[in-house]
Amino acid sequence: MLNTITAAAETTGKAVAASGWFLENAWLIWLFPAVSFVLILLFGKRFPRGGSEVGITAVGASLVFGLITAIQWISEVESGGSGSTGPEGEHALGAGSLIAAAEGETSGGVGALTRSITWLTSGAEAIGAGIMIDGLAVMMIFVVTVVSLLVHIYSTDYVSGDRRYTHFFAFLSLFTASMLFFVTASTTIQMLVGWELVGVCSFVLIGHWWEDKNNSDAALKAFLTNRVGDMGLIIGVSVLFFGAGTFDIIGVNEAAINGSMSHTVTLVAAVSLTAAVMSKSGQFFLHTWLPDAMAGPTPVSALIHAATMVVAGVFMVARLYGVFFEGFTIGGSSINLLALVGGLTTLVGASLAFVQNDIKRVLAYSTVSQLGYMVLALGVGAWTAALFHLFTHAFFKACLFLGSGSVSHAVHSFDMKKDMGGLRRAMPHTYRTFMIGTVALAGLPILSGFWSKDEILAGTGGWGLFGGTGGNGAYTVMLAMGMITAALTGAYMTRVVYLTFFGAFRGHGTPHESGPRITVPLWILGGLAVVAGFINLPHGFQLVPSGWEEKFLQWVEPSGVSYFPVIEHATPSWTLAIVSVLVALAGIGMAYRYYFVRVKAVGPTATELPNGLTTRSLPARLGHRILVNKYYLDWLYTTVIVGFVKRPLAAATYWTNQNVIDRIVNEAGKRSVQAGNVVYHKVDQLVVDGIVNATGKISDGSGEELRRIQTGKVQQYAALMFVAATILAGIFIIFI
């Protein structure tokens, strides 16, 4: 039965129902690209442009539908909900019914709109499937559809002439549909399905050029590494079902928040789900697949690293935040597993980006680092800051990835040291948009990355200078990790800019600017990287009216609803903002002095100092070696673990199979044959057959004797009867 449900808060007022035709039918947003996948796969080669026009049209329709859905949601939030309330808290929604969990009290927020149907029935348990639309879902729909549409357009030029052009666009559509299905899911089972679909699509697209062994190896590595973490998701979803008694996302969060699910169960579920986040969102120490995924086409890299696969883990934490907030006791703490994993990841990703020569790998490790920022923010209770950084990061990171693809398109390589340099004059549009993305990533004013990064640092609550920033705890260690990462980010991006766009060109041929199907998406993403930060200007920002402040928080964060924990928001700190910018500038300044002054002085084609610190200092050389070897994690996984499985363990298993298991089986067979012979010769032949033969002989002899009596002559029978009667009469006379 189709039904629509909203949840309301029990603590800060009651939620009012959200309503609107587009909100109620948001499932169409993922249906468009799903249908596109089928059409392209079946008929793509018959279309004039290989099916790419079908994919672009479908994703464009999803974007338009998503924009109208976002407008309806924002209208509901701004007006406090406009559903008409009936006698028992029932809100009319046209086609369905909307039941408010709160009855008869003043609105404290706008509750999520969920519509569902019964999907599976197991005994008395009915498992539903449907959509859950709120500010978080609307924001993700916008991010996914915008980036995906631009990637589709960009790809028409980038993979033009590819032998699997149609196949590529088919799976781009399925990738988009899977992510949209995931972010609009109303149950944890649906999230699990969407999660796995995204993983399968990434495997196909990373290995698009599977003829190259490196590409197929990267696809397998991504797939298998994610399977490790996915076990955590399966376990976590199962634990939550038995703890809360439902797969419904709202019900699960409510059970965690109101205490109907024990803290032990909530903690076990949160730890299990954290393992899933570590693999899907590239957190230390399961991040190793993500840089290798750069083997796929650059548009795929942009889509995976900016808007889809790697942010799925961050979204999952945000969607089930009641479980994590209560399970890890985030409020009032100073450290927890989620915050620690995120903090370590920011440092690991940023440090590894320094020693990469492949421009896409630098950006990949940068993505690892920025994802660590998001997970750190969720771990310290800065929910809105984490999602705001996801929002801004999607645009400037997609701009950077597509910019790197534009550069590689011109020089036919991704190696910055060997084949790039001096490209700013030959590729002015790519250079300018890349610089916009770089400044935003470095967190410099006034681009989008500055606002979201600063909000995360403030949200740690660890800034005690001049009154502090408040928040949900005193996560000073996380603040320090974030500050160090800010300096590292500015430094490694300065290195990328110099090696790619400055100095002398070190490649072959004559590089040229890319065509409009590549540069137009770059400028759109660059523009969004500039303005996206203004959507959540901090409270008390004197340069704008108060009505323009914290709009992202107002539109996206659940407010006054029972399925979201009560969290404290940090107050903006000008001192923290100034210090964080100075830290970033310090990192940029040191890298600038090294490359733009000292390396440039060596020669126009130089990329490093011939007598640098690593050649003169043993500690520096050891540190550099550790970074080059990626903290030896790949060595640990590939050489130690996989190598042990493939060689000693496999050899031991084979020996055991041949000499133990096979010997046991063979001996059992031999003993069975011997036992069979004994049974046949001794038991069957002598005993069983003897009894049967003897029975036959006895029966035959008895028959012969009876045949002598039963001759068939009536006179003989009469004589026997007379004798018997005479004997019987004598007995009666004598004894009676």
# chains A, B, ... in the order shown; residues from 1 in each chain; ligands from 1
$ residues_around --residues "segment 262-270 of chain A" --least-positions-apart "4" --cutoff "8 Å" --atoms "only C-alpha atoms" --output "PyMOL selection string"
chain A and resi 235-237+239-240+243+256+274+323-324+326-328
$ residues_around --residues "Lys45 of chain A" --least-positions-apart "4" --cutoff "10 Å" --atoms "only C-alpha atoms" --output "list in words"
Ile40, Leu41, Arg49, Gly50, Gly51, Ser52, Tyr165, Thr166 and His167 of chain A
$ write_last_selection --atoms "N, CA, C and O atoms" --output "compact mmCIF listing (two decimals), in the first residue's frame"
# COMPACT_ATOMS: atom_id res chain seq x y z
N ILE A 40 20.33 2.88 -24.05
CA ILE A 40 21.65 2.98 -24.67
C ILE A 40 22.25 1.59 -24.87
O ILE A 40 22.84 1.29 -25.91
N LEU A 41 22.09 0.73 -23.88
CA LEU A 41 22.66 -0.60 -23.97
C LEU A 41 22.04 -1.41 -25.10
O LEU A 41 22.73 -2.15 -25.80
N ARG A 49 24.57 9.69 -32.42
CA ARG A 49 25.77 10.00 -31.63
C ARG A 49 26.09 8.90 -30.63
O ARG A 49 26.59 9.15 -29.54
N GLY A 50 25.79 7.69 -31.01
CA GLY A 50 26.18 6.54 -30.21
C GLY A 50 25.48 6.38 -28.89
O GLY A 50 25.94 5.64 -28.03
N GLY A 51 24.37 7.07 -28.70
CA GLY A 51 23.62 6.97 -27.45
C GLY A 51 23.97 8.03 -26.43
O GLY A 51 23.29 8.14 -25.40
N SER A 52 25.02 8.81 -26.70
CA SER A 52 25.39 9.86 -25.73
C SER A 52 24.28 10.88 -25.58
O SER A 52 24.06 11.43 -24.48
N TYR A 165 32.46 3.44 -26.95
CA TYR A 165 31.83 4.74 -26.69
C TYR A 165 30.41 4.56 -26.15
O TYR A 165 30.03 5.16 -25.13
N THR A 166 29.62 3.75 -26.79
CA THR A 166 28.22 3.53 -26.37
C THR A 166 28.17 2.85 -25.01
O THR A 166 27.38 3.24 -24.14
N HIS A 167 28.99 1.85 -24.83
CA HIS A 167 29.08 1.14 -23.55
C HIS A 167 29.42 2.12 -22.42
O HIS A 167 28.87 2.04 -21.31
$ select_by_dssp --residues "segment 441-687 of chain A" --states "alpha helix (DSSP H)" --output "ChimeraX atom specification"
/A:441-442,448-459,476-501,516-531,551-556,574-592,600-602,613-616,618-628,633-634,643-644,650-656,662-678
$ closest_residue --among "A:Leu488, A:Ala222, A:Ile641, A:Val341" --to "Ser366 of chain A" --atoms "only C-alpha atoms"
A:Leu488
$ residues_around --residues "Gly482 of chain A" --least-positions-apart "6" --cutoff "12 Å" --atoms "only C-alpha atoms" --output "number ranges by chain"
A: 339-340, 342-348, 350, 369-377, 443, 453-460, 462-463, 475-476, 488-489, 576, 580, 583-584
$ residues_around --residues "segment 226-231 of chain A" --least-positions-apart "4" --cutoff "9 Å" --atoms "only C-alpha atoms" --output "tab-separated table (two decimals) with all heavy atoms, in the first residue's frame"
chain	number	residue	atom	x	y	z
A	192	LEU	N	21.69	-0.28	0.90
A	192	LEU	CA	22.63	-1.37	0.61
A	192	LEU	C	22.62	-1.71	-0.88
A	192	LEU	O	23.69	-1.91	-1.48
A	192	LEU	CB	22.27	-2.59	1.45
A	192	LEU	CG	23.12	-3.85	1.28
A	192	LEU	CD1	24.58	-3.56	1.61
A	192	LEU	CD2	22.59	-4.98	2.15
A	195	TRP	N	24.27	1.16	-2.75
A	195	TRP	CA	25.71	1.11	-2.42
A	195	TRP	C	26.43	0.10	-3.31
A	195	TRP	O	27.49	0.39	-3.87
A	195	TRP	CB	25.82	0.74	-0.95
A	195	TRP	CG	27.17	0.68	-0.34
A	195	TRP	CD1	28.08	-0.33	-0.47
A	195	TRP	CD2	27.77	1.64	0.54
A	195	TRP	NE1	29.19	-0.07	0.29
A	195	TRP	CE2	29.04	1.13	0.91
A	195	TRP	CE3	27.36	2.86	1.06
A	195	TRP	CZ2	29.90	1.82	1.77
A	195	TRP	CZ3	28.22	3.55	1.91
A	195	TRP	CH2	29.45	3.04	2.26
A	196	GLU	N	25.86	-1.08	-3.45
A	196	GLU	CA	26.50	-2.12	-4.25
A	196	GLU	C	26.42	-1.82	-5.74
A	196	GLU	O	27.35	-2.12	-6.49
A	196	GLU	CB	25.86	-3.49	-3.96
A	196	GLU	CG	26.05	-3.97	-2.53
A	196	GLU	CD	27.52	-4.15	-2.17
A	196	GLU	OE1	28.35	-4.31	-3.08
A	196	GLU	OE2	27.84	-4.11	-0.97
A	199	GLY	N	29.17	0.45	-6.57
A	199	GLY	CA	30.43	-0.29	-6.62
A	199	GLY	C	30.61	-1.07	-7.91
A	199	GLY	O	31.71	-1.09	-8.49
A	221	LYS	N	41.13	-4.15	-7.89
A	221	LYS	CA	41.55	-3.68	-6.58
A	221	LYS	C	40.45	-2.84	-5.93
A	221	LYS	O	40.17	-2.99	-4.72
A	221	LYS	CB	42.84	-2.85	-6.71
A	221	LYS	CG	43.43	-2.40	-5.38
A	221	LYS	CD	44.75	-1.69	-5.59
A	221	LYS	CE	45.38	-1.30	-4.26
A	221	LYS	NZ	46.69	-0.62	-4.44
A	222	ALA	N	39.84	-1.96	-6.70
A	222	ALA	CA	38.74	-1.15	-6.17
A	222	ALA	C	37.58	-2.03	-5.74
A	222	ALA	O	37.00	-1.85	-4.65
A	222	ALA	CB	38.28	-0.15	-7.23
A	235	ILE	N	26.87	-6.15	7.99
A	235	ILE	CA	26.75	-6.45	9.42
A	235	ILE	C	26.02	-5.32	10.14
A	235	ILE	O	25.13	-5.55	10.98
A	235	ILE	CB	28.14	-6.69	10.03
A	235	ILE	CG1	28.76	-7.96	9.44
A	235	ILE	CG2	28.07	-6.80	11.55
A	235	ILE	CD1	30.23	-8.14	9.80
A	236	GLY	N	26.40	-4.08	9.83
A	236	GLY	CA	25.77	-2.93	10.48
A	236	GLY	C	24.28	-2.84	10.22
A	236	GLY	O	23.49	-2.60	11.14
A	272	SER	N	30.75	-1.07	12.82
A	272	SER	CA	30.64	-1.84	11.57
A	272	SER	C	30.45	-0.92	10.37
A	272	SER	O	31.09	-1.11	9.32
A	272	SER	CB	29.47	-2.82	11.68
A	272	SER	OG	29.64	-3.72	12.74
A	273	LEU	N	29.59	0.07	10.52
A	273	LEU	CA	29.34	1.00	9.42
A	273	LEU	C	30.57	1.87	9.13
A	273	LEU	O	30.78	2.28	7.99
A	273	LEU	CB	28.13	1.87	9.73
A	273	LEU	CG	26.79	1.14	9.83
A	273	LEU	CD1	25.70	2.10	10.29
A	273	LEU	CD2	26.40	0.51	8.50
A	274	THR	N	31.37	2.14	10.15
A	274	THR	CA	32.60	2.91	9.94
A	274	THR	C	33.56	2.15	9.02
A	274	THR	O	34.25	2.76	8.19
A	274	THR	CB	33.29	3.20	11.28
A	274	THR	OG1	32.41	3.97	12.11
A	274	THR	CG2	34.59	3.98	11.08
A	275	ALA	N	33.59	0.83	9.13
A	275	ALA	CA	34.42	0.02	8.22
A	275	ALA	C	33.97	0.21	6.79
A	275	ALA	O	34.80	0.29	5.86
A	275	ALA	CB	34.34	-1.46	8.62
A	276	ALA	N	32.65	0.30	6.57
A	276	ALA	CA	32.13	0.54	5.22
A	276	ALA	C	32.55	1.91	4.72
A	276	ALA	O	32.90	2.08	3.54
A	276	ALA	CB	30.61	0.40	5.22
A	277	VAL	N	32.52	2.91	5.59
A	277	VAL	CA	32.94	4.26	5.21
A	277	VAL	C	34.42	4.27	4.84
A	277	VAL	O	34.83	4.93	3.88
A	277	VAL	CB	32.68	5.24	6.37
A	277	VAL	CG1	33.18	6.64	6.02
A	277	VAL	CG2	31.19	5.29	6.70
A	278	MET	N	35.21	3.53	5.58
A	278	MET	CA	36.66	3.51	5.31
A	278	MET	C	36.98	2.98	3.92
A	278	MET	O	37.91	3.47	3.27
A	278	MET	CB	37.35	2.65	6.37
A	278	MET	CG	37.37	3.27	7.75
A	278	MET	SD	37.99	2.14	9.03
A	278	MET	CE	39.69	1.94	8.50
A	279	SER	N	36.21	2.02	3.44
A	279	SER	CA	36.49	1.48	2.11
A	279	SER	C	35.87	2.35	1.03
A	279	SER	O	36.56	2.78	0.09
A	279	SER	CB	35.97	0.05	1.99
A	279	SER	OG	34.57	0.00	2.12
A	280	LYS	N	34.59	2.65	1.13
A	280	LYS	CA	33.91	3.38	0.06
A	280	LYS	C	34.39	4.81	-0.06
A	280	LYS	O	34.53	5.34	-1.18
A	280	LYS	CB	32.39	3.34	0.30
A	280	LYS	CG	31.56	3.87	-0.85
A	280	LYS	CD	31.58	2.93	-2.04
A	280	LYS	CE	30.67	1.75	-1.82
A	280	LYS	NZ	30.61	0.84	-2.98
A	286	LEU	N	42.03	1.84	4.33
A	286	LEU	CA	41.44	1.17	3.17
A	286	LEU	C	41.32	2.13	1.98
A	286	LEU	O	40.49	1.93	1.10
A	286	LEU	CB	40.06	0.61	3.54
A	286	LEU	CG	40.05	-0.53	4.56
A	286	LEU	CD1	38.61	-0.96	4.86
A	286	LEU	CD2	40.86	-1.72	4.06
A	289	TRP	N	42.82	1.79	-2.82
A	289	TRP	CA	42.21	1.55	-4.13
A	289	TRP	C	41.97	2.86	-4.88
A	289	TRP	O	41.96	2.88	-6.12
A	289	TRP	CB	40.86	0.83	-3.97
A	289	TRP	CG	39.79	1.66	-3.33
A	289	TRP	CD1	39.50	1.75	-2.01
A	289	TRP	CD2	38.87	2.54	-3.99
A	289	TRP	NE1	38.47	2.63	-1.79
A	289	TRP	CE2	38.06	3.12	-3.00
A	289	TRP	CE3	38.65	2.89	-5.33
A	289	TRP	CZ2	37.06	4.04	-3.29
A	289	TRP	CZ3	37.65	3.81	-5.62
A	289	TRP	CH2	36.86	4.36	-4.61
$ closest_residue --among "A:Ile535, A:Met481, A:Val544, A:Ala255" --to "Gly349 of chain A" --atoms "only C-alpha atoms"
A:Met481
$ closest_residue --among "A:Tyr492, A:Tyr365, A:Phe534, A:Phe732" --to "Pro445 of chain A" --atoms "only C-alpha atoms"
A:Phe534
$ closest_residue --among "A:Phe325, A:Phe396, A:Trp655, A:Phe168" --to "Trp523 of chain A" --atoms "only C-alpha atoms"
A:Phe396
$ closest_atom_pairs --of "segment 370-470 of chain A" --to "segment 591-615 of chain A" --cutoff "12 Å" --atoms "only C-alpha atoms" --output "JSON lines"
{"residue": "A:Asp415", "atom": "CA", "partner": "A:Thr607", "partner_atom": "CA", "distance": 11.8}
{"residue": "A:Met416", "atom": "CA", "partner": "A:Thr607", "partner_atom": "CA", "distance": 9.0}
{"residue": "A:Lys417", "atom": "CA", "partner": "A:Thr607", "partner_atom": "CA", "distance": 6.3}
{"residue": "A:Lys418", "atom": "CA", "partner": "A:Thr607", "partner_atom": "CA", "distance": 9.0}
{"residue": "A:Asp419", "atom": "CA", "partner": "A:Thr605", "partner_atom": "CA", "distance": 10.5}
{"residue": "A:Met420", "atom": "CA", "partner": "A:Thr605", "partner_atom": "CA", "distance": 9.7}
{"residue": "A:Gly421", "atom": "CA", "partner": "A:Thr605", "partner_atom": "CA", "distance": 7.8}
{"residue": "A:Gly422", "atom": "CA", "partner": "A:Pro604", "partner_atom": "CA", "distance": 9.2}
$ residues_around --residues "Thr430 of chain A" --least-positions-apart "2" --cutoff "7 Å" --atoms "only C-alpha atoms" --output "PyMOL selection string"
chain A and resi 403+406+427-428+432-434+519
